[in-house]
file entry11.txt (compact mmCIF, C-alpha atoms)
# COMPACT_ATOMS: atom_id res chain seq x y z
CA MET V 1 71.49 119.30 156.37
CA ILE V 2 68.41 120.98 154.86
CA SER V 3 66.23 118.55 152.95
CA LEU V 4 65.22 119.14 149.34
CA LYS V 5 61.63 119.65 150.48
CA LEU V 6 62.69 122.57 152.65
CA SER V 7 65.26 124.02 150.28
CA ALA V 8 62.79 124.72 147.48
CA PRO V 9 60.68 127.18 149.53
CA LEU V 10 63.84 128.82 150.82
CA ILE V 11 65.10 129.26 147.28
CA GLY V 12 61.77 130.84 146.38
CA VAL V 13 61.99 133.30 149.26
CA PHE V 14 65.58 134.15 148.35
CA SER V 15 64.64 134.73 144.71
CA ALA V 16 61.74 136.96 145.73
CA GLY V 17 64.12 138.98 147.88
CA LEU V 18 66.50 139.47 144.99
CA LEU V 19 63.60 140.57 142.79
CA CYS V 20 62.54 143.18 145.36
CA LEU V 21 66.09 144.49 145.59
CA GLY V 22 66.25 144.69 141.83
CA LEU V 23 63.00 146.63 141.63
CA TYR V 24 64.22 148.97 144.37
CA GLY V 25 67.43 149.54 142.44
CA MET V 26 65.43 150.31 139.31
CA SER V 27 63.34 152.84 141.25
CA ILE V 28 66.53 154.54 142.43
CA GLU V 29 67.93 154.67 138.91
CA SER V 30 64.70 156.21 137.64
CA THR V 31 64.91 159.12 140.09
CA PRO V 32 66.09 162.19 138.10
CA PHE V 33 68.39 163.39 140.88
CA LEU V 34 70.19 160.07 140.99
CA SER V 35 70.62 159.70 137.24
CA THR V 36 74.13 159.97 135.86
CA ALA V 37 72.87 160.64 132.34
CA GLY V 38 73.63 163.94 130.66
CA SER V 39 75.90 166.70 131.86
CA SER V 40 76.25 168.23 135.31
CA ILE V 41 73.98 171.03 134.16
CA ASP V 42 71.28 168.53 133.15
CA ARG V 43 71.38 166.96 136.60
CA LEU V 44 71.43 170.35 138.32
CA GLN V 45 68.33 171.34 136.38
CA ALA V 46 66.67 168.24 137.86
CA VAL V 47 67.78 169.35 141.34
CA ALA V 48 66.26 172.77 140.74
CA ALA V 49 63.02 171.22 139.52
CA ASP V 50 62.67 168.99 142.59
CA PRO V 51 64.80 170.03 145.59
CA ASP V 52 63.19 167.40 147.84
CA VAL V 53 65.45 164.43 148.38
CA SER V 54 64.15 160.95 147.69
CA ASN V 55 65.91 157.75 148.78
CA LEU V 56 67.94 159.65 151.37
CA SER V 57 69.67 156.53 152.61
CA SER V 58 71.18 155.88 149.20
CA LYS V 59 74.93 156.41 149.01
CA ARG V 60 74.36 157.06 145.33
CA ALA V 61 72.24 160.11 146.21
CA LEU V 62 75.05 161.51 148.33
CA GLY V 63 77.59 160.75 145.62
CA VAL V 64 75.69 162.50 142.86
CA PHE V 65 74.97 165.44 145.13
CA GLU V 66 78.67 165.75 145.91
CA TYR V 67 79.57 165.54 142.23
CA ASP V 68 76.99 167.97 140.90
CA CYS V 69 76.25 170.52 143.61
CA ARG V 70 79.81 170.78 144.90
CA THR V 71 81.01 171.09 141.31
CA LEU V 72 78.60 173.99 140.96
CA ALA V 73 79.91 175.52 144.20
CA PHE V 74 83.45 175.58 142.87
CA GLY V 75 82.54 176.71 139.35
CA LEU V 76 83.76 173.53 137.68
CA THR V 77 80.74 172.69 135.54
CA THR V 78 81.25 172.24 131.80
CA PRO V 79 79.91 174.31 130.19
CA PRO V 80 79.83 176.91 133.00
CA ILE V 81 76.54 177.79 134.66
CA THR V 82 75.20 181.04 133.24
CA ALA V 83 74.96 184.02 135.58
CA GLU V 84 71.17 184.10 135.39
CA ASP V 85 70.87 180.39 136.25
CA ARG V 86 73.35 180.31 139.12
CA PRO V 87 71.18 181.92 141.87
CA ARG V 88 68.32 179.52 141.20
CA LEU V 89 70.60 176.50 141.19
CA ASN V 90 72.42 177.73 144.31
CA GLU V 91 69.06 177.95 146.06
CA ALA V 92 68.11 174.46 144.86
CA CYS V 93 71.40 172.96 146.02
CA TYR V 94 71.04 174.73 149.36
CA GLU V 95 67.62 173.15 149.82
CA ARG V 96 69.00 169.77 148.76
CA ALA V 97 71.89 170.05 151.22
CA ARG V 98 69.52 171.08 154.01
CA SER V 99 67.37 168.01 153.38
CA LEU V 100 70.41 165.76 153.34
CA VAL V 101 71.82 167.00 156.64
CA GLU V 102 68.44 166.42 158.24
CA ALA V 103 68.73 162.79 157.15
CA ALA V 104 72.47 162.47 157.86
CA PRO V 105 73.22 165.03 160.60
CA GLY V 106 76.59 163.49 161.42
CA ASN V 107 78.07 164.12 157.96
CA ALA V 108 80.61 166.93 158.38
CA ARG V 109 81.16 167.38 154.64
CA LEU V 110 77.44 167.82 154.00
CA TRP V 111 77.31 170.53 156.68
CA LEU V 112 80.21 172.29 154.97
CA THR V 113 78.46 172.06 151.61
CA LEU V 114 75.32 173.49 153.19
CA ALA V 115 77.39 176.40 154.52
CA GLN V 116 78.92 177.01 151.10
CA PHE V 117 75.53 177.29 149.43
CA ALA V 118 74.00 179.26 152.29
CA ALA V 119 76.81 181.78 151.85
CA THR V 120 75.62 182.45 148.29
CA LEU V 121 72.19 183.53 149.53
CA PRO V 122 71.57 187.01 150.95
CA ASP V 123 69.55 186.07 154.04
CA LYS V 124 71.32 182.92 155.28
CA ARG V 125 74.09 184.32 157.49
CA ASP V 126 72.86 182.48 160.58
CA ALA V 127 72.57 179.27 158.56
CA VAL V 128 76.18 179.65 157.42
CA VAL V 129 77.45 180.01 160.97
CA HIS V 130 75.38 177.10 162.25
CA ALA V 131 76.44 174.82 159.38
CA LEU V 132 80.13 175.63 159.87
CA GLU V 133 79.82 174.94 163.59
CA ARG V 134 78.15 171.58 162.87
CA SER V 135 80.77 170.71 160.26
CA ARG V 136 83.51 171.39 162.78
CA ALA V 137 81.70 169.46 165.52
CA TYR V 138 81.28 166.34 163.37
CA GLY V 139 84.62 166.54 161.54
CA PRO V 140 87.13 168.12 163.93
CA TRP V 141 90.10 166.05 162.72
CA GLN V 142 89.39 165.93 158.99
CA TYR V 143 92.14 168.20 157.77
CA SER V 144 90.72 168.61 154.25
CA LEU V 145 87.48 169.96 155.70
CA ALA V 146 89.43 172.15 158.10
CA VAL V 147 91.24 173.72 155.15
CA ASP V 148 87.96 174.45 153.35
CA ARG V 149 86.38 175.90 156.49
CA VAL V 150 89.33 178.19 157.21
CA GLN V 151 89.48 179.41 153.63
CA MET V 152 85.74 180.00 153.55
CA ILE V 153 85.64 181.90 156.83
CA GLU V 154 88.52 184.11 155.71
CA THR V 155 86.37 185.34 152.82
CA MET V 156 83.53 186.36 155.13
CA PRO V 157 83.16 189.87 156.53
CA ASP V 158 82.69 190.43 160.25
CA ILE V 159 83.87 187.11 161.65
CA SER V 160 81.71 186.40 164.69
CA GLU V 161 82.87 184.84 167.95
CA ALA V 162 81.34 181.53 166.87
CA LEU V 163 83.28 181.54 163.60
CA ALA V 164 86.44 182.59 165.40
CA THR V 165 86.06 179.49 167.57
CA VAL V 166 85.67 177.31 164.46
CA ILE V 167 88.73 178.75 162.75
CA SER V 168 90.81 178.48 165.92
CA GLY V 169 89.96 174.80 166.26
CA ASP V 170 90.68 174.14 162.59
CA ILE V 171 94.08 175.82 162.81
CA GLU V 172 94.90 173.49 165.71
CA THR V 173 93.77 170.53 163.58
CA LEU V 174 95.97 171.57 160.67
CA ALA V 175 98.97 172.17 162.92
CA ALA V 176 98.66 168.60 164.21
CA SER V 177 98.60 166.97 160.76
CA TYR V 178 101.55 166.46 158.40
CA LYS V 179 99.41 167.16 155.34
CA GLY V 180 97.50 169.81 157.25
CA ARG V 181 100.73 171.73 157.84
CA ASP V 182 101.18 171.96 154.06
CA ALA V 183 97.89 173.83 153.79
CA LEU V 184 98.54 175.79 156.98
CA ALA V 185 101.86 177.04 155.60
CA GLN V 186 100.09 178.33 152.50
CA ILE V 187 97.43 180.02 154.65
CA TYR V 188 100.22 181.53 156.78
CA VAL V 189 101.85 183.06 153.70
CA ALA V 190 98.60 184.24 152.10
CA THR V 191 96.89 185.58 155.25
CA PRO V 192 99.15 187.91 157.26
CA GLY V 193 96.35 188.61 159.74
CA ARG V 194 96.37 184.96 160.85
CA ARG V 195 100.11 184.55 161.28
CA ASP V 196 100.27 185.15 165.03
CA GLN V 197 97.41 182.72 165.64
CA ILE V 198 98.97 180.08 163.39
CA ALA V 199 102.39 180.54 164.99
CA ALA V 200 100.86 180.10 168.45
CA ALA V 201 99.20 176.84 167.36
CA VAL V 202 102.41 175.51 165.81
CA GLU V 203 104.43 176.40 168.90
CA LYS V 204 102.32 173.90 170.86
CA ARG V 205 103.57 171.08 168.65
CA ALA V 206 106.74 169.04 169.07
CA PRO V 207 110.02 170.66 167.92
CA LYS V 208 110.23 168.31 164.93
CA GLU V 209 106.75 169.37 163.79
CA GLN V 210 107.65 173.03 164.26
CA ARG V 211 110.71 172.61 162.04
CA ASN V 212 108.59 170.79 159.49
CA PHE V 213 106.12 173.68 159.41
CA LEU V 214 108.90 176.26 159.07
CA SER V 215 110.36 174.41 156.09
CA LYS V 216 106.93 174.32 154.45
CA VAL V 217 106.51 178.07 154.96
CA GLN V 218 109.91 178.70 153.41
CA ARG V 219 109.02 176.58 150.38
CA SER V 220 105.66 178.35 150.04
CA MET V 221 107.39 181.74 149.99
CA GLN V 222 109.82 180.81 147.22
call {"tool": "encode", "arguments": {"input": "entry11.txt", "output": "structure tokens"}}
result
Amino acid sequence: MISLKLSAPLIGVFSAGLLCLGLYGMSIESTPFLSTAGSSIDRLQAVAADPDVSNLSSKRALGVFEYDCRTLAFGLTTPPITAEDRPRLNEACYERARSLVEAAPGNARLWLTLAQFAATLPDKRDAVVHALERSRAYGPWQYSLAVDRVQMIETMPDISEALATVISGDIETLAASYKGRDALAQIYVATPGRRDQIAAAVEKRAPKEQRNFLSKVQRSMQ
């Protein structure tokens, strides 16, 4: 049992530790990028003003980035970003995503987000391909990311061999997943040019999974 003489110093050390954590938390809250005050546009303006990432280890930083920059990527901000502001904010979010993947290189979703913003910039084709490859490498079995990657690549002109490898792997991932087959059936219906490749991937699955996919295609076509 710890004596009272020893417990007092320990309590002091513990209290000092809590104080330091509290001050650190306050410093995080005071960072504009991490603030949840105002609208998405307010926070995106802060991203544009300072694209460098502070407190990279903070889950809160990743969370706010996901909320704001990915919302921008999908055009879901309220009110919408004006046409003249969008290129600048796209560039800022691209720089923010690039900083984040340097700090968290194993995050497949961040790599996908980097690819999405790189695709909005005229001179980042190589960055798009690299980011999609990294996203696939770090998240090969995440079907939701596979869906986003396939849909993104389908919008790109001149699909390179590297991107063809990514999309082939993602189709295999979707064919192996119950929920993934839902999305794959919709892609099958919407993208005639991919039907042979999708059918080949599905034919590798068990008969029950093949029947499941066929029923999903039939429902998607109704």
call {"tool": "residues_around", "arguments": {"input": "entry11.txt", "residues": "Tyr138 (chain V)", "least_positions_apart": "4", "cutoff": "9 Å", "atoms": "only C-alpha atoms", "output": "MDAnalysis selection string"}}
result
chainID V and resid 105:109 111 133:134
call {"tool": "write_last_selection", "arguments": {"input": "entry11.txt", "atoms": "C-alpha atoms", "output": "PDB file, keeping the file's coordinate frame"}}
result
ATOM      1  CA  PRO V 105      73.220 165.030 160.600  1.00  0.00           C
ATOM      2  CA  GLY V 106      76.590 163.490 161.420  1.00  0.00           C
ATOM      3  CA  ASN V 107      78.070 164.120 157.960  1.00  0.00           C
ATOM      4  CA  ALA V 108      80.610 166.930 158.380  1.00  0.00           C
ATOM      5  CA  ARG V 109      81.160 167.380 154.640  1.00  0.00           C
ATOM      6  CA  TRP V 111      77.310 170.530 156.680  1.00  0.00           C
ATOM      7  CA  GLU V 133      79.820 174.940 163.590  1.00  0.00           C
ATOM      8  CA  ARG V 134      78.150 171.580 162.870  1.00  0.00           C
TER       9      ARG V 134
END
call {"tool": "residues_around", "arguments": {"input": "entry11.txt", "residues": "Ala162 (chain V)", "least_positions_apart": "6", "cutoff": "12 Å", "atoms": "all atoms listed in the file", "output": "number ranges by chain"}}
result
V: 126, 128-134, 136, 153, 168-169
call {"tool": "residues_around", "arguments": {"input": "entry11.txt", "residues": "Arg195 (chain V)", "least_positions_apart": "4", "cutoff": "12 Å", "atoms": "all atoms listed in the file", "output": "PyMOL selection string"}}
result
chain V and resi 171+184-191+199-203+217
call {"tool": "axis_aligned_box", "arguments": {"input": "entry11.txt", "around": "region 181-197 of chain V", "padding_each_side": "4 Å", "output": "AutoDock Vina command-line options"}}
result
--center_x 99.1 --center_y 180.2 --center_z 158.9 --size_x 13.5 --size_y 24.9 --size_z 21.5
call {"tool": "atom_distance", "arguments": {"input": "entry11.txt", "atom1": "CA of Gln197 (chain V)", "atom2": "CA of Thr113 (chain V)"}}
result
25.9 Å
call {"tool": "closest_residue", "arguments": {"input": "entry11.txt", "among": "V:Glu102, V:Val147, V:Ser160, V:Glu154", "to": "Glu172 (chain V)", "atoms": "all atoms listed in the file"}}
result
V:Val147
